[in-house]
>>> print(open('query_9.json').read())   # JSON, C-alpha atoms
[["chain", "number", "residue", "atom", "x", "y", "z"],
["A", 7, "MET", "CA", -0.67, -2.17, -9.55],
["A", 8, "SER", "CA", -2.39, -3.08, -6.26],
["A", 9, "ALA", "CA", -2.86, -6.64, -5.13],
["A", 10, "THR", "CA", -6.34, -8.17, -5.05],
["A", 11, "LEU", "CA", -7.41, -10.32, -2.13],
["A", 12, "GLU", "CA", -10.36, -12.65, -2.58],
["A", 13, "VAL", "CA", -12.30, -14.31, 0.24],
["A", 14, "GLU", "CA", -15.52, -16.31, 0.45],
["A", 15, "SER", "CA", -18.32, -16.84, 2.92],
["A", 16, "THR", "CA", -21.26, -19.22, 2.93],
["A", 17, "LEU", "CA", -24.97, -18.40, 3.11],
["A", 18, "THR", "CA", -27.00, -20.14, 5.80],
["A", 19, "ASP", "CA", -30.50, -21.51, 5.22],
["A", 20, "ARG", "CA", -31.78, -18.10, 6.34],
["A", 21, "TYR", "CA", -29.59, -16.26, 3.76],
["A", 22, "GLN", "CA", -27.22, -14.98, 6.45],
["A", 23, "THR", "CA", -23.44, -15.00, 6.32],
["A", 24, "THR", "CA", -20.47, -14.07, 8.45],
["A", 25, "VAL", "CA", -18.34, -11.26, 7.06],
["A", 26, "PRO", "CA", -14.84, -12.75, 6.79],
["A", 27, "GLU", "CA", -12.22, -11.37, 9.17],
["A", 28, "THR", "CA", -10.09, -9.94, 6.37],
["A", 29, "VAL", "CA", -13.08, -7.95, 5.08],
["A", 30, "ARG", "CA", -13.99, -6.76, 8.60],
["A", 31, "ARG", "CA", -10.43, -5.54, 9.11],
["A", 32, "ALA", "CA", -10.25, -3.86, 5.70],
["A", 33, "LEU", "CA", -13.53, -1.99, 6.33],
["A", 34, "ARG", "CA", -12.78, -1.42, 10.04],
["A", 35, "LEU", "CA", -16.10, -3.03, 10.95],
["A", 36, "ARG", "CA", -17.14, -3.57, 14.55],
["A", 37, "LYS", "CA", -20.18, -5.23, 16.05],
["A", 38, "ARG", "CA", -23.45, -3.56, 15.06],
["A", 39, "ASP", "CA", -21.81, -1.45, 12.31],
["A", 40, "LYS", "CA", -23.84, -1.08, 9.15],
["A", 41, "ILE", "CA", -22.71, -2.26, 5.73],
["A", 42, "HIS", "CA", -23.53, -0.37, 2.52],
["A", 43, "TYR", "CA", -24.07, -2.31, -0.73],
["A", 44, "VAL", "CA", -23.85, -0.89, -4.25],
["A", 45, "ILE", "CA", -25.19, -3.20, -6.97],
["A", 46, "ARG", "CA", -23.77, -2.31, -10.37],
["A", 47, "PRO", "CA", -25.52, -3.07, -13.68],
["A", 48, "SER", "CA", -22.90, -5.77, -14.37],
["A", 49, "GLY", "CA", -24.08, -7.66, -11.26],
["A", 50, "GLU", "CA", -20.95, -6.72, -9.33],
["A", 51, "VAL", "CA", -21.67, -5.79, -5.71],
["A", 52, "VAL", "CA", -19.45, -3.32, -3.86],
["A", 53, "LEU", "CA", -19.45, -3.61, -0.10],
["A", 54, "THR", "CA", -18.40, -0.63, 2.05],
["A", 55, "ARG", "CA", -18.75, 0.48, 5.64],
["A", 56, "ALA", "CA", -21.90, 2.60, 5.97],
["A", 57, "SER", "CA", -21.50, 6.03, 7.47],
["A", 58, "ASP", "CA", -24.35, 7.71, 9.35],
["A", 59, "ALA", "CA", -23.96, 11.46, 8.92],
["A", 60, "GLU", "CA", -25.52, 12.05, 12.33],
["A", 61, "ASP", "CA", -22.97, 9.77, 14.02],
["A", 62, "ASP", "CA", -19.98, 11.47, 12.39],
["A", 63, "ASP", "CA", -18.15, 13.95, 14.58],
["A", 64, "PRO", "CA", -17.08, 16.85, 12.34],
["A", 65, "VAL", "CA", -14.53, 18.10, 14.85],
["A", 66, "LEU", "CA", -12.92, 14.67, 15.14],
["A", 67, "GLY", "CA", -12.92, 14.34, 11.35],
["A", 68, "GLN", "CA", -11.19, 17.69, 10.95],
["A", 69, "PHE", "CA", -8.65, 16.81, 13.62],
["A", 70, "LEU", "CA", -7.85, 13.45, 12.01],
["A", 71, "GLY", "CA", -7.53, 15.19, 8.64],
["A", 72, "PHE", "CA", -5.14, 17.70, 10.20],
["A", 73, "LEU", "CA", -3.05, 14.87, 11.68],
["A", 74, "ALA", "CA", -2.94, 13.01, 8.36],
["A", 75, "GLN", "CA", -1.85, 16.15, 6.52],
["A", 76, "ASP", "CA", 0.79, 16.96, 9.16],
["A", 77, "ILE", "CA", 2.20, 13.43, 9.04],
["A", 78, "ALA", "CA", 2.33, 13.54, 5.23],
["A", 79, "THR", "CA", 3.96, 16.98, 5.25],
["A", 80, "HIS", "CA", 6.43, 16.36, 8.10],
["A", 81, "PRO", "CA", 7.18, 12.62, 8.30],
["A", 82, "ASP", "CA", 10.58, 13.44, 9.81],
["A", 83, "SER", "CA", 8.81, 14.76, 12.94],
["A", 84, "LEU", "CA", 7.30, 11.39, 13.82],
["A", 85, "GLN", "CA", 8.70, 9.82, 16.97],
["A", 86, "SER", "CA", 8.19, 6.36, 18.34],
["A", 87, "VAL", "CA", 6.68, 5.82, 21.76],
["A", 88, "SER", "CA", 9.28, 4.74, 24.29],
["A", 89, "SER", "CA", 8.95, 1.33, 25.92],
["A", 90, "SER", "CA", 8.98, 2.98, 29.36],
["A", 91, "LEU", "CA", 5.90, 5.05, 28.43],
["A", 92, "VAL", "CA", 4.16, 1.92, 27.10],
["A", 93, "GLN", "CA", 4.92, 0.10, 30.36],
["A", 94, "ARG", "CA", 3.66, 3.06, 32.41],
["A", 95, "VAL", "CA", 0.38, 3.21, 30.49],
["A", 96, "GLN", "CA", -0.07, -0.55, 30.77],
["A", 97, "SER", "CA", 0.45, -0.36, 34.54],
["A", 98, "LEU", "CA", -2.21, 2.36, 34.80],
["A", 99, "VAL", "CA", -4.86, 0.38, 32.91],
["A", 100, "SER", "CA", -3.94, -3.21, 33.77],
["A", 101, "GLU", "CA", -6.86, -3.67, 36.17],
["A", 102, "VAL", "CA", -9.39, -1.67, 34.16],
["A", 103, "SER", "CA", -12.06, -3.69, 32.40],
["A", 104, "VAL", "CA", -14.08, -2.08, 29.61],
["A", 105, "ASP", "CA", -16.94, -3.61, 27.64],
["A", 106, "LEU", "CA", -16.65, -1.83, 24.28],
["A", 107, "ASP", "CA", -20.07, -3.15, 23.25],
["A", 108, "ALA", "CA", -21.90, -1.81, 26.32],
["A", 109, "PRO", "CA", -23.96, 1.34, 25.79],
["A", 110, "LEU", "CA", -22.68, 4.47, 27.49],
["A", 111, "SER", "CA", -24.56, 5.55, 30.57],
["A", 112, "GLU", "CA", -26.13, 9.02, 30.52],
["A", 113, "THR", "CA", -25.49, 9.46, 34.24],
["A", 114, "ASP", "CA", -22.28, 9.19, 36.23],
["A", 115, "GLU", "CA", -22.41, 6.33, 38.68]]
>>> encode(input="query_9.json", output="structure tokens")
Amino acid sequence: MSATLEVESTLTDRYQTTVPETVRRALRLRKRDKIHYVIRPSGEVVLTRASDAEDDDPVLGQFLGFLAQDIATHPDSLQSVSSSLVQRVQSLVSEVSVDLDAPLSETDE
């Protein structure tokens, strides 16, 4: 039996609310993501992360599916990343600043 986690949020005067952090993490929501609501006859509302078919990358989806299947089939092949590799990667990106919310430029600058 799976555990149930309950959280609350409050409506503002304009009927807006903040999605609680635990819900954002569970749905893997990021800024500007869309939320899909299903309202059942009982009054229960199911909240999920909306998926735009045009934004989905079928190749990436197939690759991630392949990885998931390979991990499930061959868990003994998994290897941890060495601390020296982690340190090397950190040294390569330590001075790189990226704004994940900034739109991508169509031209190289």
>>> residues_around(input="query_9.json", residues="Thr54 (chain A)", least_positions_apart="4", cutoff="7 Å", atoms="only C-alpha atoms", output="ChimeraX atom specification")
/A:33,41-43
>>> atom_distance(input="query_9.json", atom1="CA of Ala32 (chain A)", atom2="CA of Val44 (chain A)")
17.1 Å
>>> atom_distance(input="query_9.json", atom1="CA of Leu73 (chain A)", atom2="CA of Ser86 (chain A)")
15.6 Å
>>> atom_distance(input="query_9.json", atom1="CA of Tyr21 (chain A)", atom2="CA of Arg36 (chain A)")
20.8 Å
>>> residues_around(input="query_9.json", residues="Arg30 (chain A)", least_positions_apart="6", cutoff="12 Å", atoms="all atoms listed in the file", output="PyMOL selection string")
chain A and resi 13+24+36-41+53-55
>>> write_last_selection(input="query_9.json", atoms="C-alpha atoms", output="CSV table (one decimal), in the frame of the given file")
chain,number,residue,atom,x,y,z
A,13,VAL,CA,-12.3,-14.3,0.2
A,24,THR,CA,-20.5,-14.1,8.4
A,36,ARG,CA,-17.1,-3.6,14.6
A,37,LYS,CA,-20.2,-5.2,16.0
A,38,ARG,CA,-23.4,-3.6,15.1
A,39,ASP,CA,-21.8,-1.4,12.3
A,40,LYS,CA,-23.8,-1.1,9.2
A,41,ILE,CA,-22.7,-2.3,5.7
A,53,LEU,CA,-19.4,-3.6,-0.1
A,54,THR,CA,-18.4,-0.6,2.0
A,55,ARG,CA,-18.8,0.5,5.6
>>> build_atoms(input="query_9.json", residues="region 53-88 of chain A", atoms="N, CA and C atoms", output="PDB file, in the frame of the given file")
ATOM      1  N   LEU A  53     -19.127  -3.628  -1.515  1.00  0.00           N
ATOM      2  CA  LEU A  53     -19.450  -3.610  -0.100  1.00  0.00           C
ATOM      3  C   LEU A  53     -18.566  -2.581   0.587  1.00  0.00           C
ATOM      4  N   THR A  54     -19.172  -1.625   1.316  1.00  0.00           N
ATOM      5  CA  THR A  54     -18.400  -0.630   2.050  1.00  0.00           C
ATOM      6  C   THR A  54     -19.002  -0.465   3.444  1.00  0.00           C
ATOM      7  N   ARG A  55     -18.256   0.180   4.301  1.00  0.00           N
ATOM      8  CA  ARG A  55     -18.750   0.480   5.640  1.00  0.00           C
ATOM      9  C   ARG A  55     -19.692   1.665   5.523  1.00  0.00           C
ATOM     10  N   ALA A  56     -20.923   1.519   6.032  1.00  0.00           N
ATOM     11  CA  ALA A  56     -21.900   2.600   5.970  1.00  0.00           C
ATOM     12  C   ALA A  56     -21.508   3.681   6.960  1.00  0.00           C
ATOM     13  N   SER A  57     -21.815   4.895   6.603  1.00  0.00           N
ATOM     14  CA  SER A  57     -21.500   6.030   7.470  1.00  0.00           C
ATOM     15  C   SER A  57     -22.773   6.813   7.720  1.00  0.00           C
ATOM     16  N   ASP A  58     -23.196   6.893   8.981  1.00  0.00           N
ATOM     17  CA  ASP A  58     -24.350   7.710   9.350  1.00  0.00           C
ATOM     18  C   ASP A  58     -23.869   9.128   9.578  1.00  0.00           C
ATOM     19  N   ALA A  59     -24.396  10.061   8.802  1.00  0.00           N
ATOM     20  CA  ALA A  59     -23.960  11.460   8.920  1.00  0.00           C
ATOM     21  C   ALA A  59     -24.185  11.986  10.329  1.00  0.00           C
ATOM     22  N   GLU A  60     -25.250  11.538  10.987  1.00  0.00           N
ATOM     23  CA  GLU A  60     -25.520  12.050  12.330  1.00  0.00           C
ATOM     24  C   GLU A  60     -24.545  11.497  13.356  1.00  0.00           C
ATOM     25  N   ASP A  61     -23.933  10.362  13.094  1.00  0.00           N
ATOM     26  CA  ASP A  61     -22.970   9.770  14.020  1.00  0.00           C
ATOM     27  C   ASP A  61     -21.563  10.318  13.817  1.00  0.00           C
ATOM     28  N   ASP A  62     -21.306  10.935  12.661  1.00  0.00           N
ATOM     29  CA  ASP A  62     -19.980  11.470  12.390  1.00  0.00           C
ATOM     30  C   ASP A  62     -19.728  12.697  13.250  1.00  0.00           C
ATOM     31  N   ASP A  63     -18.537  12.790  13.776  1.00  0.00           N
ATOM     32  CA  ASP A  63     -18.150  13.950  14.580  1.00  0.00           C
ATOM     33  C   ASP A  63     -17.306  14.850  13.691  1.00  0.00           C
ATOM     34  N   PRO A  64     -17.831  15.997  13.265  1.00  0.00           N
ATOM     35  CA  PRO A  64     -17.080  16.850  12.340  1.00  0.00           C
ATOM     36  C   PRO A  64     -15.779  17.361  12.928  1.00  0.00           C
ATOM     37  N   VAL A  65     -15.754  17.601  14.225  1.00  0.00           N
ATOM     38  CA  VAL A  65     -14.530  18.100  14.850  1.00  0.00           C
ATOM     39  C   VAL A  65     -13.469  17.004  14.831  1.00  0.00           C
ATOM     40  N   LEU A  66     -13.870  15.779  15.168  1.00  0.00           N
ATOM     41  CA  LEU A  66     -12.920  14.670  15.140  1.00  0.00           C
ATOM     42  C   LEU A  66     -12.418  14.432  13.720  1.00  0.00           C
ATOM     43  N   GLY A  67     -13.316  14.502  12.743  1.00  0.00           N
ATOM     44  CA  GLY A  67     -12.920  14.340  11.350  1.00  0.00           C
ATOM     45  C   GLY A  67     -11.914  15.380  10.906  1.00  0.00           C
ATOM     46  N   GLN A  68     -12.135  16.624  11.295  1.00  0.00           N
ATOM     47  CA  GLN A  68     -11.190  17.690  10.950  1.00  0.00           C
ATOM     48  C   GLN A  68      -9.847  17.479  11.630  1.00  0.00           C
ATOM     49  N   PHE A  69      -9.892  17.045  12.890  1.00  0.00           N
ATOM     50  CA  PHE A  69      -8.650  16.810  13.620  1.00  0.00           C
ATOM     51  C   PHE A  69      -7.856  15.665  12.990  1.00  0.00           C
ATOM     52  N   LEU A  70      -8.545  14.574  12.649  1.00  0.00           N
ATOM     53  CA  LEU A  70      -7.850  13.450  12.010  1.00  0.00           C
ATOM     54  C   LEU A  70      -7.298  13.848  10.652  1.00  0.00           C
ATOM     55  N   GLY A  71      -8.039  14.684   9.919  1.00  0.00           N
ATOM     56  CA  GLY A  71      -7.530  15.190   8.640  1.00  0.00           C
ATOM     57  C   GLY A  71      -6.288  16.044   8.836  1.00  0.00           C
ATOM     58  N   PHE A  72      -6.308  16.885   9.875  1.00  0.00           N
ATOM     59  CA  PHE A  72      -5.140  17.700  10.200  1.00  0.00           C
ATOM     60  C   PHE A  72      -3.934  16.819  10.520  1.00  0.00           C
ATOM     61  N   LEU A  73      -4.152  15.776  11.343  1.00  0.00           N
ATOM     62  CA  LEU A  73      -3.050  14.870  11.680  1.00  0.00           C
ATOM     63  C   LEU A  73      -2.493  14.182  10.438  1.00  0.00           C
ATOM     64  N   ALA A  74      -3.387  13.693   9.574  1.00  0.00           N
ATOM     65  CA  ALA A  74      -2.940  13.010   8.360  1.00  0.00           C
ATOM     66  C   ALA A  74      -2.122  13.937   7.480  1.00  0.00           C
ATOM     67  N   GLN A  75      -2.573  15.176   7.345  1.00  0.00           N
ATOM     68  CA  GLN A  75      -1.850  16.150   6.520  1.00  0.00           C
ATOM     69  C   GLN A  75      -0.490  16.474   7.155  1.00  0.00           C
ATOM     70  N   ASP A  76      -0.462  16.642   8.470  1.00  0.00           N
ATOM     71  CA  ASP A  76       0.790  16.960   9.160  1.00  0.00           C
ATOM     72  C   ASP A  76       1.789  15.819   9.044  1.00  0.00           C
ATOM     73  N   ILE A  77       1.318  14.601   9.172  1.00  0.00           N
ATOM     74  CA  ILE A  77       2.200  13.430   9.040  1.00  0.00           C
ATOM     75  C   ILE A  77       2.753  13.351   7.620  1.00  0.00           C
ATOM     76  N   ALA A  78       1.882  13.593   6.624  1.00  0.00           N
ATOM     77  CA  ALA A  78       2.330  13.540   5.230  1.00  0.00           C
ATOM     78  C   ALA A  78       3.321  14.654   4.915  1.00  0.00           C
ATOM     79  N   THR A  79       3.106  15.828   5.511  1.00  0.00           N
ATOM     80  CA  THR A  79       3.960  16.980   5.250  1.00  0.00           C
ATOM     81  C   THR A  79       5.283  16.915   6.010  1.00  0.00           C
ATOM     82  N   HIS A  80       5.245  16.385   7.230  1.00  0.00           N
ATOM     83  CA  HIS A  80       6.430  16.360   8.100  1.00  0.00           C
ATOM     84  C   HIS A  80       6.709  14.961   8.652  1.00  0.00           C
ATOM     85  N   PRO A  81       6.947  13.971   7.794  1.00  0.00           N
ATOM     86  CA  PRO A  81       7.180  12.620   8.300  1.00  0.00           C
ATOM     87  C   PRO A  81       8.422  12.520   9.180  1.00  0.00           C
ATOM     88  N   ASP A  82       9.361  13.445   9.013  1.00  0.00           N
ATOM     89  CA  ASP A  82      10.580  13.440   9.810  1.00  0.00           C
ATOM     90  C   ASP A  82      10.316  13.810  11.264  1.00  0.00           C
ATOM     91  N   SER A  83       9.141  14.363  11.567  1.00  0.00           N
ATOM     92  CA  SER A  83       8.810  14.760  12.940  1.00  0.00           C
ATOM     93  C   SER A  83       8.197  13.630  13.758  1.00  0.00           C
ATOM     94  N   LEU A  84       7.886  12.516  13.098  1.00  0.00           N
ATOM     95  CA  LEU A  84       7.300  11.390  13.820  1.00  0.00           C
ATOM     96  C   LEU A  84       8.315  10.784  14.784  1.00  0.00           C
ATOM     97  N   GLN A  85       7.840  10.446  15.967  1.00  0.00           N
ATOM     98  CA  GLN A  85       8.700   9.820  16.970  1.00  0.00           C
ATOM     99  C   GLN A  85       8.004   8.576  17.500  1.00  0.00           C
ATOM    100  N   SER A  86       8.781   7.562  17.774  1.00  0.00           N
ATOM    101  CA  SER A  86       8.190   6.360  18.340  1.00  0.00           C
ATOM    102  C   SER A  86       7.931   6.555  19.825  1.00  0.00           C
ATOM    103  N   VAL A  87       6.997   5.778  20.339  1.00  0.00           N
ATOM    104  CA  VAL A  87       6.680   5.820  21.760  1.00  0.00           C
ATOM    105  C   VAL A  87       7.692   4.958  22.490  1.00  0.00           C
ATOM    106  N   SER A  88       8.247   5.494  23.551  1.00  0.00           N
ATOM    107  CA  SER A  88       9.280   4.740  24.290  1.00  0.00           C
ATOM    108  C   SER A  88       8.656   3.559  25.025  1.00  0.00           C
TER     109      SER A  88
END
